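K.L.:
Sending over a structure as structure tokens; questions will come in a sec.
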Amino acid sequence: MQLIDGKATAAAIKAEIAEEVRQIVAAGGKQPHLAAVLVGHDGGSETYVKNKVLACEQCGFKSSLIRFEDDVTEERLLECVHVLNDDPDVDGFIVQLPLPKHINEQRIIEAIDYRKDVDGFHPINVGRMAIGLPCFISATPLGILTLLRRYGIQTSGKKCVILGRSNIVGKPMAQLMMQKQYGDATVTVCHSHSANLKGECLEADIIIAAIGRPDFVTADMVKPGAVVIDVGTTRVPDASRKSGYRLNGDVKFDEVADKCSFITPVPGGVGPMTICSLMKNTLSAGKKEYYK
């Protein structure tokens with residue numbers, strides 16, 4: 001079993017990005033600028049945005065954080081989006097999800113200029129990704145693809161089972177893994193209503209678990225030599241931790257790891273790669289790689 005170290009991989013990629021930014025700026029080019037909009041004080045979102053700001057520093061980017069309280073109106077948030085759309089200094093920006101229930105998330109996502117949508121959630125980017133055109137790919141699926149490539153894990157012709165069908169991970173991951181230029185795999189998407197879910201997993205060469213249920217994938221669901229990618233990051237109470245909780249993956253790591261050829265830990269696997277992929281998208285936005 002080989003542990004896939006997302007933390008070390010992300011650090012290496014951020015160093016590569018920082019060197020490229022240094023060269024761009026030295027040649028008289030523009031420093032990439034990522035802005036983040038944060039609504040409310042959700043603990044997970046706060047941590048995630050803080051890590052994004054830190055990653056911007058490591059990559060040599062300029063970063064901006066715009067904060068609103070939970071009671072911000074949808075109209076006020078849309079105004080902020082339009083200001084960022086029109087700001088020539090901002091190359092890319094994100095509106096941190098989830099948003100309060102009184103705000104229509106899809107309306108906010110669709111208001112973002114797709115050329116600055118470094119989260120890859122806008123329907124134009126989602127559509128372009130689905131048919132294999134250049135675009136911003138949502139950060140977690142892009143991070144997973146990057147890990148598979150960096151570790152030399154063969155995906156072409158392999159059977160890949162994806163647990164979960166969210167717009168953020170499950171659906172885009174399935175699209176990418178089936179496309180010839182990315183995964184070139186045979187893909188099955190399973191979810192809470194799938195019949196014979198265990199049987200599907202036992203046939204999988206690669207399992208990507210993004211179902212949001214701690215310890216859902218157990219040893220009796222994994223065939224020997226499989227590659228297991230754990231996207232789960234559920235906060236579970238843990239009195240022994242200073243924070244009072246720990247992050248728990250969708251995979252029961254202690255019993256599954258011994259059966260795998262490769263496996264990602266939680267934390268330190270997919271999580272660091274998500275933020276790293278956001279940095280890659282921001283660099284692409286600054287270079288106008290996909291959209292002029």
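Chain identifiers are assigned as A, B, and so on, following the order in which chains appear in the structure tokens; residues are numbered from 1 within each chain, and ligands are numbered from 1 in order of appearance.
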Excluding Thr282 (chain A) and residues on its chain fewer than 4 positions from it, collect all residues at most 10 Å away from it, counting only C-alpha atoms, and give them as a PyMOL selection string.
P.N.:
chain A and resi 32-35+56+61+90-93+116-119+136+276-278+286-288
K.L.:
Store the residues of this selection in a file with C-alpha atoms, as a CSV table (one decimal), in the first residue's frame.
P.N.:
chain,number,residue,atom,x,y,z
A,32,PRO,CA,-2.5,37.2,-10.5
A,33,HIS,CA,-5.3,38.4,-8.2
A,34,LEU,CA,-7.8,36.1,-6.5
A,35,ALA,CA,-10.7,37.5,-4.6
A,56,CYS,CA,-2.2,32.9,-2.5
A,61,PHE,CA,-0.7,36.0,-5.9
A,90,VAL,CA,-9.3,40.8,-10.3
A,91,ASP,CA,-8.4,37.7,-12.5
A,92,GLY,CA,-10.6,35.2,-10.7
A,93,PHE,CA,-12.9,35.1,-7.7
A,116,LYS,CA,-13.4,34.6,-13.7
A,117,ASP,CA,-15.1,31.5,-12.4
A,118,VAL,CA,-12.0,29.8,-11.0
A,119,ASP,CA,-14.3,27.5,-8.9
A,136,PHE,CA,-11.9,26.0,-15.5
A,276,CYS,CA,-3.9,23.9,-4.9
A,277,SER,CA,-6.2,23.4,-8.0
A,278,LEU,CA,-7.9,26.7,-7.3
A,286,GLY,CA,-4.3,35.6,-15.0
A,287,LYS,CA,-2.7,34.2,-18.2
A,288,LYS,CA,-6.0,34.3,-20.1
K.L.:
When you look at region 255-266 of chain A with a cut-off of 9 Å (counting only C-alpha atoms), what residues show up, excluding the ones that are within fewer than 2 positions of it in the same chain? I need them as a ChimeraX atom specification.
P.N.:
/A:1-6,153,217-233,247-253,268-271
K.L.:
Using N, CA and C atoms, can you export the residues from the last selection as an mmCIF file, in the first residue's frame?
P.N.:
data_model
loop_
_atom_site.group_PDB
_atom_site.id
_atom_site.type_symbol
_atom_site.label_atom_id
_atom_site.label_comp_id
_atom_site.auth_asym_id
_atom_site.auth_seq_id
_atom_site.Cartn_x
_atom_site.Cartn_y
_atom_site.Cartn_z
ATOM 1 N N MET A 1 0.838 -1.209 0.000
ATOM 2 C CA MET A 1 0.000 0.000 0.000
ATOM 3 C C MET A 1 0.871 1.257 0.000
ATOM 4 N N GLN A 2 0.567 2.173 -0.917
ATOM 5 C CA GLN A 2 1.269 3.457 -0.921
ATOM 6 C C GLN A 2 0.293 4.574 -0.576
ATOM 7 N N LEU A 3 0.698 5.394 0.373
ATOM 8 C CA LEU A 3 -0.118 6.537 0.772
ATOM 9 C C LEU A 3 0.076 7.660 -0.235
ATOM 10 N N ILE A 4 -1.031 8.219 -0.714
ATOM 11 C CA ILE A 4 -0.973 9.361 -1.632
ATOM 12 C C ILE A 4 -0.930 10.635 -0.790
ATOM 13 N N ASP A 5 0.199 11.312 -0.825
ATOM 14 C CA ASP A 5 0.429 12.478 0.028
ATOM 15 C C ASP A 5 -0.001 13.760 -0.691
ATOM 16 N N GLY A 6 -1.239 14.170 -0.458
ATOM 17 C CA GLY A 6 -1.751 15.374 -1.105
ATOM 18 C C GLY A 6 -1.076 16.636 -0.601
ATOM 19 N N ILE A 153 -0.648 6.631 -11.573
ATOM 20 C CA ILE A 153 -1.707 5.625 -11.457
ATOM 21 C C ILE A 153 -2.437 5.488 -12.795
ATOM 22 N N VAL A 217 -17.175 3.442 3.337
ATOM 23 C CA VAL A 217 -16.490 2.399 2.556
ATOM 24 C C VAL A 217 -15.690 1.522 3.517
ATOM 25 N N THR A 218 -16.065 0.262 3.579
ATOM 26 C CA THR A 218 -15.414 -0.691 4.481
ATOM 27 C C THR A 218 -14.617 -1.724 3.679
ATOM 28 N N ALA A 219 -13.807 -2.504 4.379
ATOM 29 C CA ALA A 219 -12.892 -3.434 3.709
ATOM 30 C C ALA A 219 -13.623 -4.432 2.818
ATOM 31 N N ASP A 220 -14.837 -4.834 3.202
ATOM 32 C CA ASP A 220 -15.565 -5.831 2.407
ATOM 33 C C ASP A 220 -16.147 -5.259 1.116
ATOM 34 N N MET A 221 -15.896 -3.951 0.857
ATOM 35 C CA MET A 221 -16.362 -3.304 -0.382
ATOM 36 C C MET A 221 -15.220 -3.068 -1.372
ATOM 37 N N VAL A 222 -13.996 -3.423 -0.967
ATOM 38 C CA VAL A 222 -12.815 -3.063 -1.763
ATOM 39 C C VAL A 222 -12.060 -4.316 -2.184
ATOM 40 N N LYS A 223 -11.777 -4.445 -3.475
ATOM 41 C CA LYS A 223 -11.013 -5.605 -3.926
ATOM 42 C C LYS A 223 -9.513 -5.362 -3.726
ATOM 43 N N PRO A 224 -8.740 -6.428 -3.533
ATOM 44 C CA PRO A 224 -7.299 -6.262 -3.322
ATOM 45 C C PRO A 224 -6.644 -5.517 -4.493
ATOM 46 N N GLY A 225 -5.777 -4.558 -4.153
ATOM 47 C CA GLY A 225 -5.050 -3.814 -5.178
ATOM 48 C C GLY A 225 -5.770 -2.601 -5.727
ATOM 49 N N ALA A 226 -6.961 -2.316 -5.224
ATOM 50 C CA ALA A 226 -7.718 -1.159 -5.721
ATOM 51 C C ALA A 226 -7.052 0.148 -5.286
ATOM 52 N N VAL A 227 -7.350 1.204 -6.050
ATOM 53 C CA VAL A 227 -6.945 2.573 -5.690
ATOM 54 C C VAL A 227 -8.154 3.240 -5.045
ATOM 55 N N VAL A 228 -7.967 3.805 -3.859
ATOM 56 C CA VAL A 228 -9.091 4.425 -3.153
ATOM 57 C C VAL A 228 -8.784 5.899 -2.886
ATOM 58 N N ILE A 229 -9.652 6.770 -3.420
ATOM 59 C CA ILE A 229 -9.538 8.217 -3.238
ATOM 60 C C ILE A 229 -10.688 8.664 -2.338
ATOM 61 N N ASP A 230 -10.346 9.202 -1.181
ATOM 62 C CA ASP A 230 -11.351 9.582 -0.176
ATOM 63 C C ASP A 230 -11.532 11.104 -0.174
ATOM 64 N N VAL A 231 -12.706 11.552 -0.608
ATOM 65 C CA VAL A 231 -12.999 12.987 -0.682
ATOM 66 C C VAL A 231 -13.712 13.474 0.585
ATOM 67 N N GLY A 232 -14.165 12.558 1.409
ATOM 68 C CA GLY A 232 -14.973 12.914 2.578
ATOM 69 C C GLY A 232 -14.229 13.766 3.592
ATOM 70 N N THR A 233 -14.907 14.770 4.123
ATOM 71 C CA THR A 233 -14.329 15.605 5.191
ATOM 72 C C THR A 233 -15.447 15.982 6.154
ATOM 73 N N LEU A 247 -11.566 15.593 11.494
ATOM 74 C CA LEU A 247 -12.074 15.357 10.143
ATOM 75 C C LEU A 247 -12.073 13.864 9.859
ATOM 76 N N ASN A 248 -13.201 13.369 9.390
ATOM 77 C CA ASN A 248 -13.349 11.939 9.116
ATOM 78 C C ASN A 248 -13.705 11.738 7.644
ATOM 79 N N GLY A 249 -12.999 10.822 6.999
ATOM 80 C CA GLY A 249 -13.270 10.540 5.598
ATOM 81 C C GLY A 249 -14.453 9.613 5.401
ATOM 82 N N ASP A 250 -14.787 9.380 4.135
ATOM 83 C CA ASP A 250 -15.852 8.442 3.778
ATOM 84 C C ASP A 250 -15.370 6.993 3.818
ATOM 85 N N VAL A 251 -14.061 6.814 3.953
ATOM 86 C CA VAL A 251 -13.458 5.482 3.922
ATOM 87 C C VAL A 251 -12.973 5.115 5.324
ATOM 88 N N LYS A 252 -13.257 3.886 5.743
ATOM 89 C CA LYS A 252 -12.764 3.383 7.030
ATOM 90 C C LYS A 252 -11.292 3.010 6.839
ATOM 91 N N PHE A 253 -10.449 4.032 6.966
ATOM 92 C CA PHE A 253 -9.051 3.950 6.540
ATOM 93 C C PHE A 253 -8.314 2.758 7.156
ATOM 94 N N GLY A 268 -5.105 15.525 4.676
ATOM 95 C CA GLY A 268 -3.799 15.444 4.024
ATOM 96 C C GLY A 268 -3.790 14.752 2.683
ATOM 97 N N GLY A 269 -4.976 14.412 2.164
ATOM 98 C CA GLY A 269 -5.044 13.762 0.859
ATOM 99 C C GLY A 269 -5.587 14.701 -0.193
ATOM 100 N N VAL A 270 -6.891 14.598 -0.439
ATOM 101 C CA VAL A 270 -7.536 15.407 -1.478
ATOM 102 C C VAL A 270 -7.653 16.879 -1.061
ATOM 103 N N GLY A 271 -7.877 17.135 0.230
ATOM 104 C CA GLY A 271 -8.112 18.502 0.706
ATOM 105 C C GLY A 271 -7.083 19.528 0.254
#
K.L.:
Using CA of Glu20 (chain A) and CA of Ser138 (chain A) as the two end points, give the distance in Å to one decimal.
P.N.:
21.8 Å
K.L.:
So that I can see what lies close to Thr274 (chain A), please list as a PyMOL selection string the residues with an atom at most 12 Å from it, counting only C-alpha atoms and leaving out residues fewer than 3 positions away in the same chain.
P.N.:
chain A and resi 6-7+9-10+13-14+48-49+51-52+55+118-120+137-147+168-169+231+268-271+277-281
K.L.:
Kindly save the residues from that selection, with N, CA and C atoms included, as a short mmCIF file (atom, residue, chain, number, x, y, z; two decimals), in the first residue's frame.
P.N.:
data_model
loop_
_atom_site.label_atom_id
_atom_site.label_comp_id
_atom_site.auth_asym_id
_atom_site.auth_seq_id
_atom_site.Cartn_x
_atom_site.Cartn_y
_atom_site.Cartn_z
N GLY A 6 -1.24 14.17 -0.46
CA GLY A 6 -1.75 15.37 -1.10
C GLY A 6 -1.08 16.64 -0.60
N LYS A 7 -0.69 16.62 0.66
CA LYS A 7 -0.06 17.80 1.25
C LYS A 7 1.29 18.09 0.57
N THR A 9 2.33 16.92 -2.36
CA THR A 9 2.12 17.19 -3.79
C THR A 9 1.67 18.63 -4.00
N ALA A 10 0.74 19.09 -3.16
CA ALA A 10 0.24 20.46 -3.27
C ALA A 10 1.37 21.46 -3.02
N ILE A 13 3.51 21.71 -6.13
CA ILE A 13 2.83 22.43 -7.22
C ILE A 13 2.78 23.93 -6.93
N LYS A 14 2.52 24.29 -5.67
CA LYS A 14 2.49 25.72 -5.31
C LYS A 14 3.87 26.36 -5.51
N TYR A 48 -11.40 27.18 5.33
CA TYR A 48 -11.10 27.00 3.92
C TYR A 48 -10.62 28.30 3.29
N VAL A 49 -11.32 29.41 3.59
CA VAL A 49 -10.95 30.70 3.02
C VAL A 49 -9.60 31.16 3.57
N ASN A 51 -7.17 29.26 4.45
CA ASN A 51 -6.15 28.47 3.75
C ASN A 51 -5.94 28.96 2.32
N LYS A 52 -7.00 29.45 1.69
CA LYS A 52 -6.88 29.99 0.34
C LYS A 52 -6.01 31.26 0.34
N ALA A 55 -2.48 30.22 0.74
CA ALA A 55 -1.98 29.63 -0.51
C ALA A 55 -1.65 30.72 -1.53
N VAL A 118 -13.13 30.75 -11.24
CA VAL A 118 -12.04 29.81 -10.99
C VAL A 118 -12.48 28.61 -10.15
N ASP A 119 -13.70 28.63 -9.59
CA ASP A 119 -14.26 27.45 -8.93
C ASP A 119 -14.79 26.45 -9.95
N GLY A 120 -15.05 26.91 -11.19
CA GLY A 120 -15.54 26.03 -12.24
C GLY A 120 -16.98 25.59 -12.08
N ILE A 137 -11.83 23.79 -14.51
CA ILE A 137 -12.39 22.56 -13.96
C ILE A 137 -12.51 22.73 -12.45
N SER A 138 -13.64 22.33 -11.89
CA SER A 138 -13.84 22.53 -10.46
C SER A 138 -12.69 21.87 -9.67
N ALA A 139 -12.34 22.53 -8.57
CA ALA A 139 -11.05 22.31 -7.92
C ALA A 139 -10.84 20.90 -7.38
N THR A 140 -11.85 20.31 -6.76
CA THR A 140 -11.64 18.98 -6.18
C THR A 140 -11.42 17.91 -7.26
N PRO A 141 -12.27 17.82 -8.29
CA PRO A 141 -11.98 16.86 -9.37
C PRO A 141 -10.62 17.09 -10.03
N LEU A 142 -10.26 18.37 -10.24
CA LEU A 142 -8.96 18.66 -10.85
C LEU A 142 -7.83 18.19 -9.94
N GLY A 143 -8.01 18.38 -8.64
CA GLY A 143 -7.01 17.92 -7.67
C GLY A 143 -6.83 16.42 -7.69
N ILE A 144 -7.94 15.70 -7.80
CA ILE A 144 -7.89 14.23 -7.85
C ILE A 144 -7.17 13.77 -9.12
N LEU A 145 -7.52 14.36 -10.26
CA LEU A 145 -6.84 14.02 -11.52
C LEU A 145 -5.33 14.24 -11.40
N THR A 146 -4.97 15.37 -10.79
CA THR A 146 -3.55 15.72 -10.63
C THR A 146 -2.83 14.68 -9.78
N LEU A 147 -3.46 14.25 -8.68
CA LEU A 147 -2.85 13.21 -7.82
C LEU A 147 -2.66 11.91 -8.59
N ILE A 168 -20.51 19.38 -7.30
CA ILE A 168 -19.16 19.85 -7.00
C ILE A 168 -18.11 18.76 -7.22
N VAL A 169 -18.46 17.50 -6.90
CA VAL A 169 -17.47 16.42 -7.03
C VAL A 169 -17.97 15.27 -7.92
N VAL A 231 -12.71 11.55 -0.61
CA VAL A 231 -13.00 12.99 -0.68
C VAL A 231 -13.71 13.47 0.58
N GLY A 268 -5.10 15.53 4.68
CA GLY A 268 -3.80 15.44 4.02
C GLY A 268 -3.79 14.75 2.68
N GLY A 269 -4.98 14.41 2.16
CA GLY A 269 -5.04 13.76 0.86
C GLY A 269 -5.59 14.70 -0.19
N VAL A 270 -6.89 14.60 -0.44
CA VAL A 270 -7.54 15.41 -1.48
C VAL A 270 -7.65 16.88 -1.06
N GLY A 271 -7.88 17.14 0.23
CA GLY A 271 -8.11 18.50 0.71
C GLY A 271 -7.08 19.53 0.25
N SER A 277 -5.52 23.35 -6.65
CA SER A 277 -6.16 23.42 -7.97
C SER A 277 -6.80 24.79 -8.20
N LEU A 278 -7.34 25.37 -7.15
CA LEU A 278 -7.87 26.73 -7.25
C LEU A 278 -6.76 27.71 -7.65
N MET A 279 -5.57 27.50 -7.09
CA MET A 279 -4.41 28.33 -7.46
C MET A 279 -4.04 28.13 -8.93
N LYS A 280 -4.09 26.88 -9.40
CA LYS A 280 -3.80 26.60 -10.81
C LYS A 280 -4.81 27.30 -11.73
N ASN A 281 -6.07 27.26 -11.33
CA ASN A 281 -7.11 27.94 -12.13
C ASN A 281 -6.90 29.45 -12.13
#
K.L.:
Going by DSSP on the backbone, which bits of region 70-139 of chain A are strand (DSSP E or B)? Write them as a list in words, please.
P.N.:
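Here are the strand (DSSP E or B) residues of region 70-139 of chain A: Gly92, Phe93, Ile94, Val95 and Asp117 of chain A.
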K.L.:
Those same residues, written as a compact mmCIF listing (two decimals), in the first residue's frame with C-alpha atoms?
P.N.:
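Written file, again.txt:
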# COMPACT_ATOMS: atom_id res chain seq x y z
CA GLY A 92 -10.63 35.24 -10.67
CA PHE A 93 -12.93 35.07 -7.68
CA ILE A 94 -15.00 32.67 -5.66
CA VAL A 95 -18.15 33.00 -3.58
CA ASP A 117 -15.13 31.54 -12.39
K.L.:
Measuring atom to atom with only C-alpha atoms, identify which of A:Ile208, A:Cys135, A:Ser240, A:Gly164 is nearest to His193 (chain A).
P.N.:
A:Gly164
K.L.:
One number please: CA of Arg115 (chain A) to CA of Asn167 (chain A), in Å, one decimal.
P.N.:
19.2 Å
K.L.:
For Met177 (chain A), which residue out of A:Gly212, A:Gly60, A:Gly132, A:Gly199 is the nearest one, using only C-alpha atoms?
P.N.:
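Of all the options, A:Gly132 lies closest to Met177 (chain A).
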K.L.:
Which value, in Å to one decimal, gives the distance between CA of Lys30 (chain A) and CA of Leu97 (chain A)?
P.N.:
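Taking CA of Lys30 (chain A) and CA of Leu97 (chain A), their separation equals 28.3 Å.
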K.L.:
With distances taken over only C-alpha atoms, which of A:Cys80, A:Leu38, A:Cys160, A:Cys190 is nearest to Met178 (chain A)?
P.N.:
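Smallest distance to Met178 (chain A) is found for A:Cys160.
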K.L.:
Counting only C-alpha atoms, which of A:Val25, A:Leu99, A:Leu176, A:Leu283 gets nearest to Ile131 (chain A)?
P.N.:
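Looking at the shortest contact to Ile131 (chain A), the residue is A:Leu176.
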K.L.:
Which of these residues is nearest to Glu200 (chain A), using only C-alpha atoms: A:Lys159, A:Lys62, A:Lys171, A:Arg76?
P.N.:
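Nearest to Glu200 (chain A): A:Lys159.
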K.L.:
Name the residues of region 113-256 of chain A that come out as alpha helix (DSSP H) in a backbone DSSP run; write them as a PyMOL selection string.
P.N.:
chain A and resi 123-130+139-150+170-178+197-202+253-256
K.L.:
Show which residues sit within 12 Å of Lys101 (chain A), as a PyMOL selection string. Count only C-alpha atoms, and ignore same-chain residues fewer than 4 positions away.
P.N.:
chain A and resi 39-40+70-74+97+105-106
K.L.:
Selected residues, N, CA, C and O atoms, written as a CSV table (one decimal), in the first residue's frame, please.
P.N.:
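Dumped to part.csv:
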chain,number,residue,atom,x,y,z
A,39,VAL,N,-19.6,34.7,3.3
A,39,VAL,CA,-20.8,35.2,4.0
A,39,VAL,C,-21.0,34.4,5.3
A,39,VAL,O,-20.9,33.1,5.3
A,40,GLY,N,-21.1,35.1,6.4
A,40,GLY,CA,-21.3,34.5,7.7
A,40,GLY,C,-20.0,34.0,8.3
A,40,GLY,O,-18.9,34.4,7.9
A,70,ASP,N,-24.4,37.0,7.9
A,70,ASP,CA,-25.4,36.0,7.5
A,70,ASP,C,-26.6,36.7,6.9
A,70,ASP,O,-27.3,36.0,6.1
A,71,ASP,N,-26.9,37.9,7.3
A,71,ASP,CA,-28.2,38.5,6.9
A,71,ASP,C,-28.1,39.3,5.6
A,71,ASP,O,-29.0,40.1,5.3
A,72,VAL,N,-26.9,39.2,4.9
A,72,VAL,CA,-26.8,40.0,3.7
A,72,VAL,C,-27.9,39.6,2.7
A,72,VAL,O,-28.3,38.4,2.6
A,73,THR,N,-28.4,40.6,2.0
A,73,THR,CA,-29.5,40.3,1.0
A,73,THR,C,-28.9,39.7,-0.3
A,73,THR,O,-27.7,39.9,-0.6
A,74,GLU,N,-29.7,39.0,-1.0
A,74,GLU,CA,-29.2,38.4,-2.3
A,74,GLU,C,-28.8,39.5,-3.2
A,74,GLU,O,-27.8,39.4,-4.0
A,97,LEU,N,-19.2,28.7,-0.8
A,97,LEU,CA,-20.4,27.9,-0.5
A,97,LEU,C,-20.2,27.1,0.8
A,97,LEU,O,-19.1,26.7,1.1
A,105,GLU,N,-28.3,30.1,-4.3
A,105,GLU,CA,-26.9,29.8,-4.7
A,105,GLU,C,-26.7,29.8,-6.2
A,105,GLU,O,-25.7,30.3,-6.7
A,106,GLN,N,-27.6,29.2,-6.9
A,106,GLN,CA,-27.5,29.0,-8.4
A,106,GLN,C,-27.5,30.4,-9.0
A,106,GLN,O,-26.8,30.6,-10.0
K.L.:
May I have the residues within 9 Å of His191 (chain A) as a PyMOL selection string, using only C-alpha atoms and disregarding those fewer than 3 positions away in the same chain?
P.N.:
chain A and resi 162-165+194-195+197+211
